[in-house]
file data.cif (mmCIF, C-alpha atoms)
data_model
#
loop_
_atom_site.label_atom_id
_atom_site.label_comp_id
_atom_site.auth_asym_id
_atom_site.auth_seq_id
_atom_site.Cartn_x
_atom_site.Cartn_y
_atom_site.Cartn_z
CA MET A 8 -2.54 -18.77 -16.80
CA LYS A 9 -2.44 -20.36 -13.35
CA PRO A 10 -5.62 -19.97 -11.26
CA ARG A 11 -5.41 -17.36 -8.56
CA ASN A 12 -4.86 -18.55 -4.99
CA PRO A 13 -7.67 -17.12 -2.79
CA SER A 14 -5.50 -17.51 0.31
CA VAL A 15 -3.15 -14.76 -0.97
CA VAL A 16 -5.05 -11.65 0.05
CA GLY A 17 -4.19 -8.07 -0.80
CA ILE A 18 -5.39 -5.81 2.00
CA ILE A 19 -5.54 -2.07 1.30
CA GLN A 20 -5.75 0.04 4.45
CA ALA A 21 -7.78 3.21 3.98
CA ARG A 22 -9.43 5.88 6.08
CA MET A 23 -10.79 9.37 5.57
CA GLY A 24 -8.69 10.91 8.34
CA SER A 25 -5.37 12.27 7.08
CA SER A 26 -3.40 14.96 8.85
CA ARG A 27 -2.10 16.53 5.62
CA LEU A 28 -4.93 15.81 3.15
CA PRO A 29 -8.23 14.82 4.83
CA GLY A 30 -10.42 12.55 2.71
CA LYS A 31 -7.59 11.85 0.28
CA VAL A 32 -8.60 8.25 -0.44
CA LEU A 33 -11.85 9.40 -2.08
CA GLN A 34 -10.43 12.39 -3.94
CA ASP A 35 -11.37 12.42 -7.61
CA VAL A 36 -8.65 11.22 -9.98
CA HIS A 37 -9.79 11.57 -13.59
CA GLY A 38 -13.37 10.55 -12.79
CA LYS A 39 -12.79 7.82 -10.20
CA PRO A 40 -12.09 7.90 -6.46
CA LEU A 41 -8.39 7.57 -5.70
CA LEU A 42 -8.98 4.37 -3.72
CA ILE A 43 -10.82 2.73 -6.60
CA ARG A 44 -7.95 3.63 -8.93
CA GLU A 45 -5.68 1.66 -6.62
CA VAL A 46 -8.08 -1.28 -6.36
CA ILE A 47 -8.37 -1.54 -10.14
CA ARG A 48 -4.60 -1.69 -10.52
CA ALA A 49 -4.07 -4.08 -7.60
CA ARG A 50 -6.68 -6.50 -8.93
CA ARG A 51 -4.59 -6.92 -12.08
CA ALA A 52 -1.80 -8.51 -10.02
CA GLN A 53 -1.85 -12.20 -10.89
CA SER A 54 -0.44 -13.16 -7.49
CA LEU A 55 -3.46 -11.85 -5.55
CA GLY A 56 -6.43 -14.13 -5.08
CA GLN A 57 -8.49 -11.43 -3.38
CA VAL A 58 -8.27 -7.67 -2.86
CA ILE A 59 -10.10 -6.14 0.08
CA VAL A 60 -10.25 -2.75 1.80
CA ALA A 61 -9.63 -2.52 5.54
CA THR A 62 -11.08 0.70 6.93
CA THR A 63 -12.17 1.68 10.44
CA VAL A 64 -15.26 1.65 12.62
CA ASP A 65 -15.07 5.44 12.88
CA PRO A 66 -18.29 6.96 11.44
CA GLU A 67 -16.20 9.34 9.32
CA ASP A 68 -15.16 6.29 7.29
CA ASP A 69 -18.75 5.45 6.33
CA PRO A 70 -18.17 6.99 2.86
CA ILE A 71 -15.40 4.46 2.20
CA VAL A 72 -17.77 1.63 3.04
CA ALA A 73 -20.43 3.15 0.78
CA VAL A 74 -18.01 3.37 -2.16
CA CYS A 75 -16.87 -0.22 -1.60
CA ARG A 76 -20.47 -1.45 -1.58
CA LEU A 77 -21.19 0.47 -4.77
CA GLN A 78 -18.18 -1.16 -6.42
CA GLY A 79 -18.88 -4.64 -5.03
CA LEU A 80 -15.57 -4.52 -3.17
CA PRO A 81 -15.13 -6.53 0.07
CA CYS A 82 -14.62 -4.18 3.00
CA PHE A 83 -13.62 -4.84 6.61
CA ARG A 84 -13.97 -2.34 9.47
CA GLY A 85 -11.60 -2.38 12.41
CA ASP A 86 -9.61 -0.32 14.88
CA PRO A 87 -8.80 3.26 13.73
CA LEU A 88 -5.31 3.34 15.29
CA ASP A 89 -4.28 -0.28 15.88
CA VAL A 90 -3.85 -1.06 12.20
CA LEU A 91 -1.95 -4.25 13.03
CA ASP A 92 -5.08 -5.53 14.74
CA ARG A 93 -7.16 -4.42 11.75
CA TYR A 94 -4.96 -6.45 9.41
CA TYR A 95 -4.95 -9.47 11.69
CA GLN A 96 -8.74 -9.48 12.06
CA ALA A 97 -9.29 -8.95 8.32
CA ALA A 98 -6.81 -11.72 7.47
CA GLN A 99 -8.67 -14.10 9.77
CA LEU A 100 -12.04 -13.21 8.29
CA PHE A 101 -10.87 -13.72 4.70
CA ARG A 102 -8.85 -16.86 5.55
CA ALA A 103 -5.58 -15.42 4.34
CA GLU A 104 -2.47 -17.56 4.47
CA VAL A 105 -0.39 -14.84 2.84
CA ILE A 106 -1.18 -11.16 3.39
CA VAL A 107 -0.05 -8.46 0.97
CA ARG A 108 -0.16 -5.06 2.62
CA LEU A 109 -0.92 -2.04 0.47
CA THR A 110 -1.78 1.46 1.68
CA GLY A 111 -4.72 3.40 0.29
CA ASP A 112 -2.65 6.36 -0.83
CA CYS A 113 -0.94 4.59 -3.75
CA PRO A 114 -3.24 4.90 -6.80
CA LEU A 115 -0.31 4.29 -9.17
CA ILE A 116 0.60 0.91 -7.65
CA ASP A 117 1.93 -1.33 -10.42
CA PRO A 118 0.47 -4.87 -10.47
CA GLN A 119 3.78 -6.11 -11.86
CA GLU A 120 5.54 -4.69 -8.82
CA ILE A 121 3.11 -6.51 -6.53
CA ASP A 122 3.71 -9.74 -8.45
CA ARG A 123 7.49 -9.27 -8.38
CA THR A 124 7.49 -8.89 -4.61
CA VAL A 125 5.09 -11.78 -3.95
CA ARG A 126 7.04 -14.10 -6.26
CA ALA A 127 10.29 -13.27 -4.46
CA PHE A 128 8.60 -13.89 -1.11
CA LEU A 129 7.28 -17.29 -2.17
CA ALA A 130 10.55 -18.37 -3.78
CA ALA A 131 12.60 -17.44 -0.71
CA ASP A 132 10.24 -19.17 1.77
CA VAL A 133 10.56 -16.37 4.34
CA ASP A 134 8.23 -14.88 6.95
CA PHE A 135 8.20 -11.38 5.48
CA ALA A 136 9.29 -9.61 2.31
CA ALA A 137 9.06 -6.02 1.12
CA ASN A 138 10.17 -4.00 -1.87
CA ARG A 139 11.30 -1.23 0.45
CA LEU A 140 12.32 -0.81 4.07
CA PRO A 141 12.98 2.40 6.03
CA PRO A 142 16.51 3.70 6.79
CA PRO A 143 19.12 2.39 7.40
CA TRP A 144 18.04 0.26 4.42
CA LYS A 145 18.33 1.93 1.02
CA ARG A 146 15.10 2.46 -0.90
CA THR A 147 15.28 1.45 -4.58
CA THR A 148 11.52 1.37 -5.26
CA PRO A 149 9.53 4.60 -5.69
CA ILE A 150 7.42 5.80 -2.79
CA GLY A 151 3.93 4.77 -3.85
CA MET A 152 4.87 1.26 -5.02
CA ASP A 153 5.33 -0.09 -1.50
CA THR A 154 4.37 -3.75 -1.17
CA GLU A 155 4.81 -5.86 1.98
CA VAL A 156 4.13 -9.59 2.12
CA VAL A 157 3.80 -11.70 5.26
CA THR A 158 2.61 -15.14 6.29
CA PHE A 159 -0.45 -15.27 8.50
CA ASP A 160 1.55 -17.02 11.25
CA ALA A 161 4.16 -14.24 11.30
CA LEU A 162 1.47 -11.56 11.30
CA ALA A 163 -0.28 -13.32 14.18
CA ARG A 164 2.94 -13.40 16.18
CA ALA A 165 3.48 -9.69 15.59
CA TRP A 166 -0.14 -9.07 16.62
CA ARG A 167 0.47 -10.94 19.89
CA GLU A 168 3.87 -9.50 20.73
CA ALA A 169 4.20 -5.97 19.32
CA GLU A 170 3.66 -3.30 21.97
CA ALA A 171 5.10 -0.05 20.60
CA ARG A 172 2.49 2.37 19.35
CA TYR A 173 4.24 2.92 16.01
CA ALA A 174 4.48 -0.86 15.52
CA ARG A 175 0.72 -1.21 15.95
CA GLU A 176 -0.06 1.77 13.71
CA HIS A 177 2.38 0.93 10.90
CA VAL A 178 1.63 -2.83 10.98
CA MET A 179 4.94 -4.38 9.93
CA PRO A 180 7.86 -2.81 11.89
CA TYR A 181 7.91 -5.66 14.42
CA LEU A 182 8.67 -8.04 11.56
CA TYR A 183 11.79 -6.29 10.27
CA GLU A 184 13.27 -3.86 12.78
CA GLN A 185 15.12 -6.46 14.88
CA ALA A 186 17.50 -8.71 12.96
CA GLY A 187 16.89 -12.42 13.51
CA ARG A 188 13.38 -12.11 14.93
CA PHE A 189 11.87 -13.25 11.61
CA ASP A 190 13.21 -14.48 8.28
CA THR A 191 12.93 -11.40 6.07
CA LEU A 192 13.74 -10.41 2.50
CA LEU A 193 14.27 -6.99 0.93
CA VAL A 194 13.33 -7.11 -2.75
CA ASP A 195 15.35 -4.37 -4.42
CA HIS A 196 14.42 -2.77 -7.72
CA SER A 197 16.76 -2.43 -10.67
CA PRO A 198 17.24 0.22 -11.89
CA ASP A 199 17.27 2.20 -8.66
CA LEU A 200 14.08 4.33 -8.67
CA GLY A 201 14.07 5.19 -4.98
CA GLY A 202 14.15 8.92 -5.58
CA TYR A 203 10.66 9.12 -7.08
CA ARG A 204 7.61 10.05 -4.98
CA LEU A 205 4.36 8.62 -6.41
CA THR A 206 2.13 8.48 -3.36
CA VAL A 207 -0.59 10.86 -2.10
CA ASP A 208 -0.21 12.49 1.29
CA THR A 209 -0.51 16.17 0.41
CA PRO A 210 -2.31 18.41 -2.13
CA GLU A 211 0.99 18.64 -4.02
CA ASP A 212 1.16 14.85 -4.32
CA LEU A 213 -2.42 14.74 -5.57
CA ALA A 214 -1.60 17.30 -8.25
CA LEU A 215 1.17 15.07 -9.61
CA ILE A 216 -1.00 11.93 -9.58
CA ARG A 217 -3.80 13.76 -11.42
CA ALA A 218 -1.31 15.04 -14.00
CA ILE A 219 -0.06 11.49 -14.62
CA PHE A 220 -3.55 10.03 -15.06
CA ASP A 221 -4.50 12.95 -17.29
CA HIS A 222 -1.46 12.25 -19.48
CA PHE A 223 -2.63 8.64 -19.92
CA ASP A 224 -6.21 9.79 -20.64
CA GLY A 225 -7.64 8.23 -17.49
CA THR A 226 -6.69 4.66 -18.37
CA ASP A 227 -5.27 2.28 -15.75
CA GLU A 228 -3.19 0.24 -18.18
CA PHE A 229 0.15 2.03 -17.83
CA SER A 230 3.10 0.57 -15.91
CA LEU A 231 5.67 1.93 -13.48
CA MET A 232 8.22 2.20 -16.28
CA ASP A 233 5.68 4.11 -18.39
CA ILE A 234 5.40 6.59 -15.51
CA ILE A 235 9.18 6.90 -15.22
CA ALA A 236 9.47 7.50 -18.97
CA LEU A 237 6.86 10.28 -18.69
CA LEU A 238 8.66 11.93 -15.77
CA GLN A 239 11.99 11.77 -17.58
CA GLU A 240 10.37 13.34 -20.64
CA ARG A 241 8.58 15.99 -18.58
CA PRO A 242 10.76 16.62 -15.49
CA GLU A 243 8.74 19.75 -14.66
CA LEU A 244 6.05 17.44 -13.28
CA LEU A 245 8.42 16.39 -10.51
CA THR A 246 8.45 19.95 -9.17
CA LEU A 247 4.79 19.58 -8.18
CA ASN A 248 5.65 17.62 -5.02
CA ALA A 249 9.42 18.02 -4.81
CA GLN A 250 9.23 19.82 -1.45
CA VAL A 251 7.09 17.20 0.32
CA VAL A 252 8.85 15.47 3.23
CA HIS A 253 7.99 11.79 3.61
CA LYS A 254 6.88 10.58 7.03
CA GLY A 255 9.02 8.09 8.96
CA PHE A 256 7.85 4.66 10.08
CA ARG A 257 8.00 5.70 13.74
CA ASP A 258 5.73 8.73 13.19
CA THR A 259 2.30 8.21 14.75
CA ASP A 260 -1.02 9.98 14.45
CA THR A 261 -1.20 12.37 17.40
CA ARG A 262 -4.93 12.95 16.89
CA PHE A 263 -5.54 9.64 18.65
#
call {"tool": "encode", "arguments": {"input": "data.cif", "output": "structure tokens"}}
result
Amino acid sequence: MKPRNPSVVGIIQARMGSSRLPGKVLQDVHGKPLLIREVIRARRAQSLGQVIVATTVDPEDDPIVAVCRLQGLPCFRGDPLDVLDRYYQAAQLFRAEVIVRLTGDCPLIDPQEIDRTVRAFLAADVDFAANRLPPPWKRTTPIGMDTEVVTFDALARAWREAEARYAREHVMPYLYEQAGRFDTLLVDHSPDLGGYRLTVDTPEDLALIRAIFDHFDGTDEFSLMDIIALLQERPELLTLNAQVVHKGFRDTDTRF
């Protein structure tokens, strides 16, 4: 096995404030906080040299910091709304040359999916790669497996130039929304699994994630395709969050 490259840094953004499910990142999922479930799975990705949590300086996010300290997990605190700045500052601190963006509401993230996206990024020698992009691109990866990869230089340019509020809050839009601005790559998934929702943004989402972990007896060793096989065998589980509408990449948090 090749040694891990410490300059490839997975950064998981997480905060307690959520308009639809406050405190979701620390909700219990079969005996562990949701965020820690995600960290455990992300750390199994062979392409990541480090995994850190990027939370905010808001006092309400103190519990996230406390959990990270308890778990011995590196944690950075930055701007609550300007998440692009938070990523840039964290990447500088941890000397990242390649940043892998993950969001703290994806406790089912598959390490193989992270590796697949990072490998495609490195092989293509581009500025930015992702396994999903918003419309008009077609999603072929389930919601909840989202992985974005960017060079530090490209992230720094976005940090300097991006002005739109949604571009600062959602980190990566400046890198892909205008053709030709950066060299980008969309890493599609085969088979097409874009219709599945495996993230946590609402109580209904959380119910599905808990049901999946319960089925696997609380282990973290199952893969994306194991999840799909379960959902095909028990399609009634999909009704738990079938009515949830996914937010768009231009939606911003009006509380700020």
call {"tool": "residues_near_point", "arguments": {"input": "data.cif", "point": "(7.8, -14.4, 11.5)", "cutoff": "7 Å", "atoms": "all atoms listed in the file", "output": "ChimeraX atom specification"}}
result
/A:134-135,160-162,164,182,188-190
call {"tool": "residues_around", "arguments": {"input": "data.cif", "residues": "Ala73 in chain A", "least_positions_apart": "6", "cutoff": "10 Å", "atoms": "only C-alpha atoms", "output": "MDAnalysis selection string"}}
result
chainID A and resid 79:80 82
call {"tool": "closest_atom_pairs", "arguments": {"input": "data.cif", "of": "range 15-53 of chain A", "to": "range 106-118 of chain A", "cutoff": "7 Å", "atoms": "only C-alpha atoms", "output": "CSV"}}
result
residue,atom,partner,partner_atom,distance
A:Val15,CA,A:Ile106,CA,6.0
A:Val16,CA,A:Ile106,CA,5.1
A:Gly17,CA,A:Val107,CA,4.5
A:Ile18,CA,A:Arg108,CA,5.3
A:Ile19,CA,A:Leu109,CA,4.7
A:Gln20,CA,A:Thr110,CA,5.0
A:Ala21,CA,A:Gly111,CA,4.8
A:Val32,CA,A:Gly111,CA,6.3
A:Leu41,CA,A:Pro114,CA,5.9
A:Leu42,CA,A:Gly111,CA,5.9
A:Arg44,CA,A:Pro114,CA,5.3
A:Glu45,CA,A:Pro114,CA,4.1
A:Arg48,CA,A:Pro118,CA,6.0
A:Ala49,CA,A:Pro118,CA,5.4
A:Arg51,CA,A:Pro118,CA,5.7
A:Ala52,CA,A:Pro118,CA,4.3
call {"tool": "residues_around", "arguments": {"input": "data.cif", "residues": "range 139-151 of chain A", "least_positions_apart": "5", "cutoff": "6 Å", "atoms": "all atoms listed in the file", "output": "MDAnalysis selection string"}}
result
chainID A and resid 113 195:196 199:201 203:206
call {"tool": "closest_residue", "arguments": {"input": "data.cif", "among": "A:Ser54, A:Ser25, A:Asn138, A:Ser197", "to": "Pro10 in chain A", "atoms": "all atoms listed in the file"}}
result
A:Ser54
call {"tool": "atom_distance", "arguments": {"input": "data.cif", "atom1": "CA of Val46 in chain A", "atom2": "CA of Ile59 in chain A"}}
result
8.3 Å
call {"tool": "decode", "arguments": {"input": "data.cif", "residues": "range 173-187 of chain A", "atoms": "N, CA and C atoms", "output": "tab-separated table (two decimals), in the first residue's frame"}}
result
chain	number	residue	atom	x	y	z
A	173	TYR	N	-23.65	33.41	-2.42
A	173	TYR	CA	-23.78	31.96	-2.51
A	173	TYR	C	-22.44	31.30	-2.83
A	174	ALA	N	-21.58	32.00	-3.58
A	174	ALA	CA	-20.27	31.43	-3.93
A	174	ALA	C	-19.36	31.36	-2.71
A	175	ARG	N	-19.52	32.29	-1.79
A	175	ARG	CA	-18.73	32.25	-0.55
A	175	ARG	C	-19.29	31.19	0.41
A	176	GLU	N	-20.61	31.05	0.44
A	176	GLU	CA	-21.22	30.11	1.38
A	176	GLU	C	-21.09	28.66	0.92
A	177	HIS	N	-21.16	28.43	-0.39
A	177	HIS	CA	-21.13	27.06	-0.91
A	177	HIS	C	-19.76	26.66	-1.46
A	178	VAL	N	-18.77	27.51	-1.28
A	178	VAL	CA	-17.33	27.22	-1.45
A	178	VAL	C	-16.88	27.08	-2.90
A	179	MET	N	-17.48	26.18	-3.66
A	179	MET	CA	-16.92	25.82	-4.96
A	179	MET	C	-17.60	26.39	-6.21
A	180	PRO	N	-18.77	27.03	-6.14
A	180	PRO	CA	-19.42	27.47	-7.38
A	180	PRO	C	-18.54	28.29	-8.31
A	181	TYR	N	-17.67	29.14	-7.77
A	181	TYR	CA	-16.83	29.97	-8.62
A	181	TYR	C	-15.91	29.13	-9.51
A	182	LEU	N	-15.65	27.90	-9.08
A	182	LEU	CA	-14.73	27.05	-9.83
A	182	LEU	C	-15.40	26.37	-11.01
A	183	TYR	N	-16.73	26.20	-10.98
A	183	TYR	CA	-17.35	25.44	-12.05
A	183	TYR	C	-18.47	26.15	-12.80
A	184	GLU	N	-19.01	27.25	-12.29
A	184	GLU	CA	-20.22	27.78	-12.89
A	184	GLU	C	-19.97	28.55	-14.19
A	185	GLN	N	-18.76	28.99	-14.43
A	185	GLN	CA	-18.43	29.68	-15.69
A	185	GLN	C	-17.44	28.84	-16.49
A	186	ALA	N	-17.87	28.37	-17.65
A	186	ALA	CA	-17.02	27.52	-18.48
A	186	ALA	C	-15.74	28.25	-18.87
A	187	GLY	N	-14.61	27.56	-18.75
A	187	GLY	CA	-13.34	28.12	-19.18
A	187	GLY	C	-12.57	28.87	-18.11
